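Source file: upload_9.cif; contents: mmCIF, C-alpha atoms.
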```
data_my_file
#
loop_
_atom_site.label_atom_id
_atom_site.label_comp_id
_atom_site.auth_asym_id
_atom_site.auth_seq_id
_atom_site.Cartn_x
_atom_site.Cartn_y
_atom_site.Cartn_z
CA MET A 201 3.21 130.86 -87.71
CA ALA A 202 1.85 129.38 -90.87
CA MET A 203 -1.90 128.96 -90.76
CA ASN A 204 -3.85 126.99 -93.28
CA PRO A 205 -6.10 129.20 -95.44
CA ARG A 206 -9.40 127.68 -94.27
CA ARG A 207 -8.46 128.22 -90.65
CA LYS A 208 -7.42 131.77 -91.48
CA LYS A 209 -10.75 132.41 -93.16
CA ARG A 210 -12.65 131.11 -90.12
CA LEU A 211 -10.52 133.30 -87.85
CA THR A 212 -11.32 136.38 -89.94
CA TRP A 213 -15.04 135.58 -89.99
CA THR A 214 -15.19 134.98 -86.26
CA LEU A 215 -13.25 138.09 -85.35
CA GLY A 216 -15.36 140.08 -87.80
CA LEU A 217 -18.56 138.79 -86.21
CA ILE A 218 -17.41 139.68 -82.71
CA ALA A 219 -16.17 143.13 -83.79
CA GLY A 220 -19.44 143.83 -85.62
CA VAL A 221 -21.59 142.89 -82.65
CA ALA A 222 -19.34 144.89 -80.31
CA VAL A 223 -19.70 148.02 -82.47
CA ALA A 224 -23.47 147.56 -82.75
CA PHE A 225 -23.83 147.19 -79.01
CA SER A 226 -21.61 150.17 -78.25
CA ILE A 227 -23.77 152.33 -80.50
CA ILE A 228 -26.98 151.08 -78.87
CA LEU A 229 -25.62 151.61 -75.38
CA TYR A 230 -24.33 155.06 -76.30
CA ALA A 231 -27.73 156.03 -77.63
CA LEU A 232 -29.46 154.64 -74.55
CA SER A 233 -26.86 155.82 -72.08
CA GLN A 234 -29.15 158.21 -70.25
CA ASN A 235 -32.15 155.96 -70.31
CA ILE A 236 -30.28 153.18 -68.55
CA ASP A 237 -29.72 155.36 -65.48
CA LEU A 238 -31.91 154.06 -62.71
CA PHE A 239 -32.58 157.49 -61.24
CA TYR A 240 -32.20 161.26 -61.54
CA THR A 241 -29.86 162.98 -59.13
CA PRO A 242 -31.32 165.98 -57.26
CA THR A 243 -29.08 168.28 -59.35
CA GLU A 244 -30.56 166.82 -62.55
CA VAL A 245 -34.07 167.32 -61.19
CA VAL A 246 -33.44 170.99 -60.45
CA GLU A 247 -31.05 172.01 -63.21
CA GLY A 248 -32.04 169.57 -65.93
CA LYS A 249 -30.43 166.46 -67.36
CA GLY A 250 -28.25 165.96 -70.40
CA LYS A 251 -27.39 168.36 -73.22
CA ASN A 252 -30.94 169.69 -73.53
CA ALA A 253 -31.20 170.21 -69.76
CA LEU A 254 -34.48 168.29 -69.64
CA LYS A 255 -36.30 168.94 -66.41
CA PRO A 256 -38.96 166.65 -65.02
CA GLU A 257 -42.45 168.15 -65.03
CA VAL A 258 -44.88 168.23 -62.17
CA GLY A 259 -46.93 165.03 -62.31
CA GLN A 260 -44.12 163.07 -63.92
CA ARG A 261 -43.24 159.69 -62.50
CA LEU A 262 -39.54 159.11 -61.85
CA ARG A 263 -36.86 157.97 -59.45
CA ILE A 264 -34.54 160.27 -57.54
CA GLY A 265 -31.32 159.03 -55.96
CA GLY A 266 -29.27 160.98 -53.46
CA MET A 267 -28.00 161.31 -49.91
CA VAL A 268 -30.45 161.98 -47.10
CA VAL A 269 -29.58 165.43 -45.74
CA GLU A 270 -28.63 165.40 -42.07
CA ASP A 271 -31.33 166.62 -39.67
CA SER A 272 -33.87 166.75 -42.49
CA VAL A 273 -35.91 163.68 -41.51
CA LYS A 274 -39.24 164.64 -39.96
CA ARG A 275 -41.61 161.95 -38.80
CA ASP A 276 -45.25 162.29 -37.94
CA PRO A 277 -45.54 160.79 -34.43
CA GLU A 278 -49.08 159.53 -35.14
CA THR A 279 -48.75 157.99 -38.60
CA LEU A 280 -46.12 156.45 -40.87
CA GLU A 281 -45.73 159.73 -42.74
CA VAL A 282 -42.18 160.92 -43.10
CA GLU A 283 -40.49 163.71 -45.03
CA PHE A 284 -36.82 164.29 -45.75
CA ARG A 285 -34.56 166.08 -48.19
CA VAL A 286 -32.03 164.43 -50.52
CA THR A 287 -29.02 166.01 -52.17
CA ASP A 288 -25.97 165.06 -54.20
CA ILE A 289 -23.66 168.05 -54.53
CA GLY A 290 -25.86 171.11 -54.79
CA PRO A 291 -29.62 171.50 -54.72
CA GLU A 292 -31.94 169.59 -52.44
CA VAL A 293 -35.22 167.88 -53.28
CA LYS A 294 -37.87 167.12 -50.69
CA ILE A 295 -39.36 163.63 -50.54
CA LEU A 296 -42.71 162.84 -48.90
CA TYR A 297 -43.37 159.21 -48.06
CA THR A 298 -45.85 157.12 -46.13
CA GLY A 299 -44.73 153.67 -45.14
CA ILE A 300 -41.96 151.64 -43.59
CA LEU A 301 -38.43 152.68 -44.52
CA PRO A 302 -35.75 150.03 -45.23
CA ASP A 303 -33.35 148.97 -42.47
CA LEU A 304 -30.44 150.91 -43.90
CA PHE A 305 -32.34 154.20 -44.13
CA ARG A 306 -30.63 156.88 -42.06
CA GLU A 307 -29.38 160.42 -42.42
CA GLY A 308 -26.29 160.65 -44.59
CA GLN A 309 -27.27 157.42 -46.37
CA GLY A 310 -27.81 157.08 -50.11
CA ILE A 311 -31.40 156.29 -51.10
CA VAL A 312 -33.45 155.87 -54.26
CA ALA A 313 -37.04 157.08 -54.10
CA GLN A 314 -39.65 156.37 -56.75
CA GLY A 315 -42.74 158.50 -57.06
CA VAL A 316 -44.48 161.47 -58.66
CA MET A 317 -43.28 165.07 -58.69
CA VAL A 318 -45.90 167.17 -56.92
CA GLU A 319 -43.96 170.44 -57.10
CA PRO A 320 -40.76 171.26 -59.04
CA ARG A 321 -38.68 170.29 -56.03
CA VAL A 322 -41.02 168.00 -54.10
CA MET A 323 -41.74 164.35 -54.79
CA LYS A 324 -44.41 162.15 -53.32
CA ALA A 325 -42.70 158.77 -53.14
CA THR A 326 -44.41 155.40 -53.35
CA GLU A 327 -41.21 153.46 -52.68
CA VAL A 328 -37.97 154.28 -50.88
CA LEU A 329 -34.94 152.01 -51.35
CA ALA A 330 -31.66 152.28 -49.47
CA LYS A 331 -28.35 152.19 -51.29
CA HIS A 332 -25.19 151.09 -49.58
CA ASP A 333 -21.61 151.61 -50.62
CA GLU A 334 -18.80 149.13 -51.25
CA GLU A 335 -17.19 149.70 -47.86
CA TYR A 336 -17.36 146.95 -45.29
CA MET A 337 -15.84 147.14 -41.82
CA PRO A 338 -16.56 146.03 -38.27
CA PRO A 339 -18.38 148.59 -36.07
CA GLU A 340 -15.35 149.30 -33.85
CA LEU A 341 -13.27 150.25 -36.86
CA ALA A 342 -16.03 152.43 -38.29
CA GLU A 343 -16.29 154.28 -34.99
CA GLN A 344 -12.53 154.80 -34.96
CA MET A 345 -12.20 155.87 -38.58
CA LYS A 346 -15.36 157.78 -39.27
CA GLY A 347 -16.81 158.53 -35.86
CA ILE A 348 -19.88 156.50 -36.76
CA LYS A 349 -21.61 154.89 -33.81
CA HIS A 350 -22.88 151.46 -34.68
CA VAL A 351 -26.63 151.36 -34.86
CA ASN A 352 -28.38 148.04 -34.63
CA PRO A 353 -31.23 148.35 -37.09
CA ASN A 354 -33.36 146.04 -34.97
CA GLN A 355 -33.41 148.18 -31.86
CA PRO A 356 -36.56 150.31 -31.57
CA ASP A 357 -34.84 153.72 -31.36
CA ALA A 358 -32.33 152.90 -34.09
CA PHE A 359 -33.21 155.72 -36.42
CA GLU A 360 -33.90 158.49 -33.94
CA GLY A 361 -30.48 157.97 -32.39
CA SER A 362 -28.56 157.79 -35.63
CA THR A 363 -27.50 161.44 -35.85
CA PRO A 364 -23.92 161.57 -34.64
CA MET B 7 -1.06 127.56 -81.28
CA TRP B 8 -1.83 124.38 -83.16
CA ARG B 9 1.50 122.81 -82.31
CA TRP B 10 0.94 123.61 -78.65
CA LEU B 11 -2.59 122.27 -78.61
CA HIS B 12 -1.93 119.22 -80.71
CA PRO B 13 -1.03 116.66 -78.01
CA TYR B 14 -4.19 117.68 -76.14
CA ALA B 15 -6.40 117.06 -79.14
CA LYS B 16 -6.46 113.38 -78.32
CA PRO B 17 -9.48 112.66 -76.08
CA GLU B 18 -7.83 109.70 -74.38
CA VAL B 19 -4.82 111.80 -73.27
CA VAL B 20 -7.06 114.59 -71.96
CA TYR B 21 -9.32 112.12 -70.15
CA HIS B 22 -6.44 110.61 -68.21
CA LEU B 23 -4.75 113.98 -67.59
CA LEU B 24 -7.97 115.41 -66.12
CA GLY B 25 -8.40 112.20 -64.15
CA ARG B 26 -5.11 112.90 -62.39
CA TRP B 27 -6.16 116.49 -61.54
CA GLN B 28 -9.64 115.57 -60.40
CA PRO B 29 -8.93 114.29 -56.84
CA TRP B 30 -6.55 117.16 -56.00
CA LEU B 31 -8.96 119.78 -57.27
CA SER B 32 -11.86 118.24 -55.36
CA ILE B 33 -9.97 117.95 -52.08
CA THR B 34 -8.50 121.47 -52.16
CA ALA B 35 -11.87 122.86 -53.26
CA ALA B 36 -13.67 121.20 -50.34
CA LEU B 37 -11.04 122.40 -47.85
CA THR B 38 -10.76 126.04 -48.98
CA LEU B 39 -14.47 126.42 -49.57
CA GLY B 40 -15.25 124.98 -46.15
CA LEU B 41 -12.66 127.23 -44.51
CA GLY B 42 -13.79 130.35 -46.37
CA ILE B 43 -17.50 129.84 -45.73
CA VAL B 44 -17.16 128.96 -42.03
CA TRP B 45 -14.69 131.81 -41.46
CA GLY B 46 -16.93 134.28 -43.30
CA LEU B 47 -20.26 133.20 -41.86
CA VAL B 48 -19.18 132.53 -38.28
CA PHE B 49 -15.89 134.21 -37.36
CA ALA B 50 -15.63 137.37 -39.46
CA PRO B 51 -16.90 140.49 -37.67
CA ALA B 52 -20.32 141.99 -38.43
CA ASP B 53 -20.51 145.08 -40.63
CA TYR B 54 -20.96 148.54 -39.08
CA GLN B 55 -23.97 149.31 -41.26
CA GLN B 56 -25.43 146.04 -42.44
CA GLY B 57 -24.82 143.92 -39.37
CA ASP B 58 -24.83 140.21 -40.13
CA SER B 59 -26.74 140.56 -43.40
CA TYR B 60 -23.56 141.47 -45.26
CA ARG B 61 -22.28 137.91 -44.71
CA ILE B 62 -24.06 136.78 -47.86
CA ILE B 63 -21.14 138.52 -49.62
CA PHE B 64 -19.05 135.39 -48.96
CA VAL B 65 -21.27 133.49 -51.38
CA HIS B 66 -22.58 136.31 -53.57
CA VAL B 67 -19.26 137.89 -54.62
CA PRO B 68 -17.41 134.64 -55.54
CA THR B 69 -20.33 133.22 -57.52
CA ALA B 70 -20.92 136.53 -59.32
CA MET B 71 -17.20 136.84 -60.14
CA PHE B 72 -16.93 133.34 -61.51
CA SER B 73 -20.22 133.61 -63.39
CA MET B 74 -18.39 136.21 -65.50
CA SER B 75 -14.95 134.59 -65.72
CA LEU B 76 -16.53 131.24 -66.64
CA TYR B 77 -18.38 133.00 -69.42
CA ILE B 78 -15.07 134.35 -70.73
CA ALA B 79 -13.65 130.80 -70.58
CA LEU B 80 -16.78 129.62 -72.42
CA ALA B 81 -16.24 132.22 -75.15
CA ILE B 82 -12.55 131.30 -75.48
CA ALA B 83 -13.48 127.61 -75.79
CA ALA B 84 -16.06 128.55 -78.43
CA PHE B 85 -13.49 130.66 -80.28
CA VAL B 86 -10.91 127.86 -80.32
CA GLY B 87 -13.63 125.42 -81.34
CA ARG B 88 -14.72 127.60 -84.25
CA VAL B 89 -11.33 128.62 -85.63
CA TRP B 90 -9.25 125.51 -84.99
CA GLN B 91 -12.25 123.14 -85.15
CA LEU B 92 -11.09 121.34 -82.05
CA LYS B 93 -13.67 118.84 -80.81
CA MET B 94 -12.25 119.13 -77.33
CA ALA B 95 -12.99 122.87 -77.23
CA ASP B 96 -16.62 122.18 -78.19
CA TRP B 97 -16.91 119.64 -75.40
CA GLY B 98 -15.33 122.18 -73.06
CA LEU B 99 -18.21 124.46 -73.96
CA ALA B 100 -20.64 121.80 -72.80
CA ALA B 101 -18.62 121.24 -69.62
CA ILE B 102 -18.35 124.92 -68.60
CA ALA B 103 -21.86 126.15 -69.46
CA PRO B 104 -23.87 124.29 -66.76
CA VAL B 105 -21.39 125.33 -64.04
CA GLY B 106 -21.49 128.96 -65.18
CA LEU B 107 -25.28 128.84 -65.34
CA THR B 108 -25.48 127.55 -61.77
CA PHE B 109 -23.07 130.21 -60.50
CA THR B 110 -25.07 132.94 -62.24
CA PHE B 111 -28.27 131.60 -60.74
CA ILE B 112 -26.75 131.53 -57.23
CA SER B 113 -25.46 135.08 -57.61
CA LEU B 114 -28.90 136.30 -58.70
CA VAL B 115 -30.70 134.51 -55.86
CA THR B 116 -28.24 135.56 -53.14
CA GLY B 117 -28.36 139.10 -54.52
CA ALA B 118 -32.14 139.15 -54.22
CA ILE B 119 -31.99 137.72 -50.69
CA TRP B 120 -29.47 140.42 -49.78
CA GLY B 121 -31.42 143.15 -51.55
CA LYS B 122 -34.67 142.61 -49.67
CA PRO B 123 -33.43 143.53 -46.16
CA MET B 124 -30.78 146.06 -47.23
CA TRP B 125 -32.22 147.95 -50.19
CA GLY B 126 -35.85 147.14 -49.47
CA THR B 127 -36.55 145.25 -52.70
CA TRP B 128 -35.93 141.78 -54.11
CA TRP B 129 -35.40 143.07 -57.61
CA GLU B 130 -34.94 146.37 -59.37
CA TRP B 131 -34.42 146.87 -63.12
CA ASP B 132 -31.05 148.37 -62.44
CA ALA B 133 -28.26 148.13 -65.06
CA ARG B 134 -26.15 145.68 -63.01
CA LEU B 135 -29.03 143.39 -62.10
CA THR B 136 -30.50 143.41 -65.60
CA SER B 137 -27.17 142.67 -67.32
CA GLN B 138 -26.53 139.80 -64.91
CA LEU B 139 -29.99 138.42 -65.74
CA ILE B 140 -29.05 138.64 -69.42
CA LEU B 141 -25.92 136.62 -68.61
CA PHE B 142 -28.19 133.96 -67.10
CA PHE B 143 -30.24 133.81 -70.31
CA LEU B 144 -27.07 133.67 -72.41
CA TYR B 145 -25.96 130.58 -70.52
CA VAL B 146 -29.42 129.06 -70.95
CA GLY B 147 -29.27 129.85 -74.67
CA VAL B 148 -25.81 128.34 -75.11
CA LEU B 149 -26.88 125.13 -73.35
CA ALA B 150 -30.17 124.91 -75.24
CA LEU B 151 -28.49 125.40 -78.63
CA TYR B 152 -25.79 122.88 -77.82
CA HIS B 153 -28.40 120.19 -77.28
CA ALA B 154 -30.91 121.39 -79.89
CA PHE B 155 -29.40 119.66 -82.93
CA SER B 156 -29.42 115.99 -83.76
CA ASP B 157 -25.93 116.48 -85.21
CA GLN B 158 -23.80 117.37 -82.20
CA ARG B 159 -21.31 119.39 -84.28
CA ASN B 160 -24.03 121.74 -85.54
CA GLY B 161 -25.17 122.25 -81.96
CA ALA B 162 -21.66 123.09 -80.83
CA LYS B 163 -21.30 125.53 -83.72
CA ALA B 164 -24.55 127.38 -82.97
CA ALA B 165 -23.87 127.44 -79.23
CA GLY B 166 -20.32 128.65 -79.86
CA ILE B 167 -21.47 131.59 -81.97
CA LEU B 168 -23.94 132.67 -79.27
CA ALA B 169 -21.23 132.27 -76.61
CA MET B 170 -18.82 134.49 -78.56
CA VAL B 171 -21.39 137.16 -79.38
CA GLY B 172 -22.58 137.22 -75.78
CA VAL B 173 -19.14 138.05 -74.45
CA ILE B 174 -20.00 141.71 -75.13
CA ASN B 175 -22.22 141.50 -72.04
CA ILE B 176 -19.25 140.91 -69.72
CA PRO B 177 -17.75 144.44 -69.80
CA ILE B 178 -21.30 145.78 -69.55
CA ILE B 179 -21.88 143.87 -66.30
CA ARG B 180 -18.45 144.82 -64.99
CA TYR B 181 -18.74 148.56 -65.66
CA SER B 182 -22.53 148.98 -65.34
CA VAL B 183 -22.09 150.37 -61.83
CA GLU B 184 -19.64 153.00 -63.10
CA TRP B 185 -21.30 154.00 -66.37
CA TRP B 186 -24.81 154.46 -65.04
CA ASN B 187 -26.63 155.43 -61.88
CA THR B 188 -27.49 152.11 -60.29
CA LEU B 189 -28.92 150.84 -57.04
CA HIS B 190 -26.10 148.31 -56.86
CA GLN B 191 -22.96 149.60 -55.17
CA GLY B 192 -19.59 149.84 -56.88
CA ALA B 193 -17.03 147.03 -56.95
CA THR B 194 -15.39 146.17 -53.64
CA LEU B 195 -12.56 144.16 -55.14
CA THR B 196 -10.43 145.79 -57.80
CA VAL B 197 -7.03 144.71 -59.01
CA PHE B 198 -5.10 147.91 -58.53
CA GLU B 199 -6.53 149.49 -55.42
CA ARG B 200 -6.69 148.41 -51.84
CA PRO B 201 -10.27 147.29 -51.33
CA PRO B 202 -12.40 149.44 -49.01
CA MET B 203 -12.99 146.47 -46.77
CA ALA B 204 -11.52 145.65 -43.38
CA THR B 205 -8.76 143.00 -43.51
CA SER B 206 -10.67 140.77 -41.07
CA MET B 207 -13.44 140.48 -43.68
CA LEU B 208 -11.26 140.61 -46.77
CA ILE B 209 -9.17 137.52 -45.99
CA PRO B 210 -12.13 135.14 -45.55
CA LEU B 211 -13.65 136.64 -48.70
CA LEU B 212 -10.48 135.91 -50.68
CA VAL B 213 -10.32 132.37 -49.26
CA SER B 214 -13.95 131.86 -50.20
CA ILE B 215 -13.29 133.18 -53.73
CA LEU B 216 -10.41 130.73 -54.09
CA GLY B 217 -12.68 127.94 -52.80
CA PHE B 218 -15.43 128.69 -55.30
CA GLY B 219 -12.83 128.89 -58.07
CA LEU B 220 -11.48 125.45 -57.20
CA LEU B 221 -15.03 124.12 -56.94
CA ALA B 222 -15.78 125.42 -60.43
CA GLY B 223 -12.55 123.83 -61.65
CA ALA B 224 -13.35 120.46 -60.06
CA LEU B 225 -16.90 120.45 -61.46
CA ILE B 226 -15.77 121.42 -64.95
CA VAL B 227 -13.01 118.78 -64.98
CA GLN B 228 -15.51 116.10 -63.99
CA ARG B 229 -18.07 117.26 -66.54
CA MET B 230 -15.38 117.37 -69.21
CA ARG B 231 -14.39 113.77 -68.47
CA ASN B 232 -18.03 112.70 -68.67
CA GLU B 233 -18.47 114.54 -71.96
CA ILE B 234 -15.36 112.87 -73.40
CA LEU B 235 -16.65 109.42 -72.43
CA ARG B 236 -20.10 110.21 -73.80
CA GLN B 237 -18.76 111.44 -77.13
CA GLU B 238 -16.20 108.65 -77.53
CA LEU B 239 -18.44 105.86 -76.28
CA ARG B 240 -17.84 103.64 -79.30
CA ARG B 241 -14.05 103.94 -79.25
CA PRO B 242 -12.01 100.98 -78.02
CA TRP B 243 -10.14 103.01 -75.41
CA VAL B 244 -13.40 103.96 -73.71
CA LYS B 245 -14.50 100.33 -73.63
CA HIS B 246 -11.15 99.52 -72.12
CA VAL B 247 -11.55 102.21 -69.41
CA LEU B 248 -15.09 101.09 -68.63
CA ASN B 249 -14.08 97.41 -68.45
CA GLN B 250 -11.26 98.32 -66.09
CA ASP B 251 -13.67 100.18 -63.82
CA ARG B 252 -16.03 97.25 -63.86
CA ALA B 253 -13.21 94.86 -63.02
CA THR B 254 -12.08 96.90 -60.00
CA GLU B 255 -15.64 97.12 -58.79
CA LEU B 256 -16.15 93.40 -59.18
CA SER B 257 -13.00 92.64 -57.21
CA LYS B 258 -14.20 95.01 -54.49
CA THR B 259 -17.57 93.24 -54.17
CA GLU B 260 -15.83 89.86 -54.17
CA GLN B 261 -13.58 90.95 -51.33
CA ALA B 262 -16.60 92.18 -49.40
#
```

Before we go any further, please render this structure as structure tokens.
Amino acid sequence: MAMNPRRKKRLTWTLGLIAGVAVAFSIILYALSQNIDLFYTPTEVVEGKGKNALKPEVGQRLRIGGMVVEDSVKRDPETLEVEFRVTDIGPEVKILYTGILPDLFREGQGIVAQGVMVEPRVMKATEVLAKHDEEYMPPELAEQMKGIKHVNPNQPDAFEGSTP
Amino acid sequence: MWRWLHPYAKPEVVYHLLGRWQPWLSITAALTLGLGIVWGLVFAPADYQQGDSYRIIFVHVPTAMFSMSLYIALAIAAFVGRVWQLKMADWGLAAIAPVGLTFTFISLVTGAIWGKPMWGTWWEWDARLTSQLILFFLYVGVLALYHAFSDQRNGAKAAGILAMVGVINIPIIRYSVEWWNTLHQGATLTVFERPPMATSMLIPLLVSILGFGLLAGALIVQRMRNEILRQELRRPWVKHVLNQDRATELSKTEQA
């Protein structure tokens, strides 16, 4: 296809601009790649993160994201204090929290906790958020496929009864 | 490319062509959107974990999806407008941007409303949420630049460059949940895999996506027609169209 030279010049300029910006952004994102992560995984907390195996220090403020370990949730019957352990594939980190947990919080669920490390493997959290996955299904199907009993988050004993 | 586009470079032709599409787009959009939303919000089953709260997905996912695809359309229009200097592409920019902006805004708001009960927070500076917020500002920037110049062509040029540069944000939004640890979950709908969603929820979601797509189409077509009239206001054909409309309206009032 014959293209007139001015149009060709504009095409080259435009493509050049887009390519240049794309390269610049890729470099920035590559450099920032670890800082964009919202949270540390428990493995990264214990074994260190990245090439230099940076470990968080006691007193450092950070977020940890992982699965709540089954049977690890302990509640104080008098107060809102709660403690539980989170894991991803290996090591576990203990989280201490005082406050109301989100509706989706349950054992086996992914959570993100923000707080301060009080010991190398213990965090005192100021905020606990629940993650959910991209699976959606009606309760009957979930019970059939995964053996998960549906728990209505609004019923008072929802969380105590959630261990299958 | 030029030969293919050439007949559509005439505003009058495009105006009448879009005018023929307009009613069909609007009617199908209203029907599918109504069906998808009612099906999703009333008849689809509740989720095993999130209960009824997940139903916001029937608005959140379509608007978020089209906020991105409309941006790609915006960038393509800008690209065609820059390289081939097609006025119509520049006007397309002005027609798409407000619709994309609204969709982005709806996706952000519904996401926050969903996030509060499920995650426990309205907002988190998570890679997905932040990049979607940047998309919102990109749309605002494109619209602001388009209208910031007294010479409309300069405005379209500046807005077009921002639209093209900003397209880099689209893959970042799309893959943010895979590249980084985020609070936002991964994608439910992917092209090549069966989605991890029960069929009874998936079908209304797909209907609702189609509905929002048609709605976006209908809105853009109408905005495009308005933009053509606005830009061509002094041309005889526009005067002719406007006189015709006035005549039909007059005859209607006379009959009444």

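Among A:Ala325, A:Val268, A:Val245, A:Val312, the residue with the shortest atom-to-atom distance to Pro291 of chain A, counting only C-alpha atoms, is A:Val245.
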
- Task: Using atom CA of Gly57 of chain B and atom CA of Leu280 of chain A as the two end points, give the distance in Å to one decimal.
- Result: 24.8 Å

Contacts of segment 236-248 of chain B at 9 Å (only C-alpha atoms; same-chain gap of 6+ positions) as a PDB file with C-alpha atoms, in the frame of the given file:
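Saved the output as selection.pdb:
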```
ATOM      1  CA  PRO B  17      -9.480 112.660 -76.080  1.00  0.00           C
ATOM      2  CA  GLU B  18      -7.830 109.700 -74.380  1.00  0.00           C
ATOM      3  CA  TRP B  97     -16.910 119.640 -75.400  1.00  0.00           C
TER       4      TRP B  97
END
```

- Message: Can you work out which residues from chain A touch chain B at a cut-off of 6 Å (counting all atoms listed in the file) and hand them back as a ChimeraX atom specification?
- Response: /A:207,210-211,218,237-238,302,304,329-331,333-339,350

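Atom CA of Ala84 of chain B is positioned 14.1 Å from atom CA of Gln158 of chain B.
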
- Item | Residues matched by the PyMOL selection byres ((chain A and resi 258) around 7), written as a ChimeraX atom specification | /A:256-257,259-260,317-320
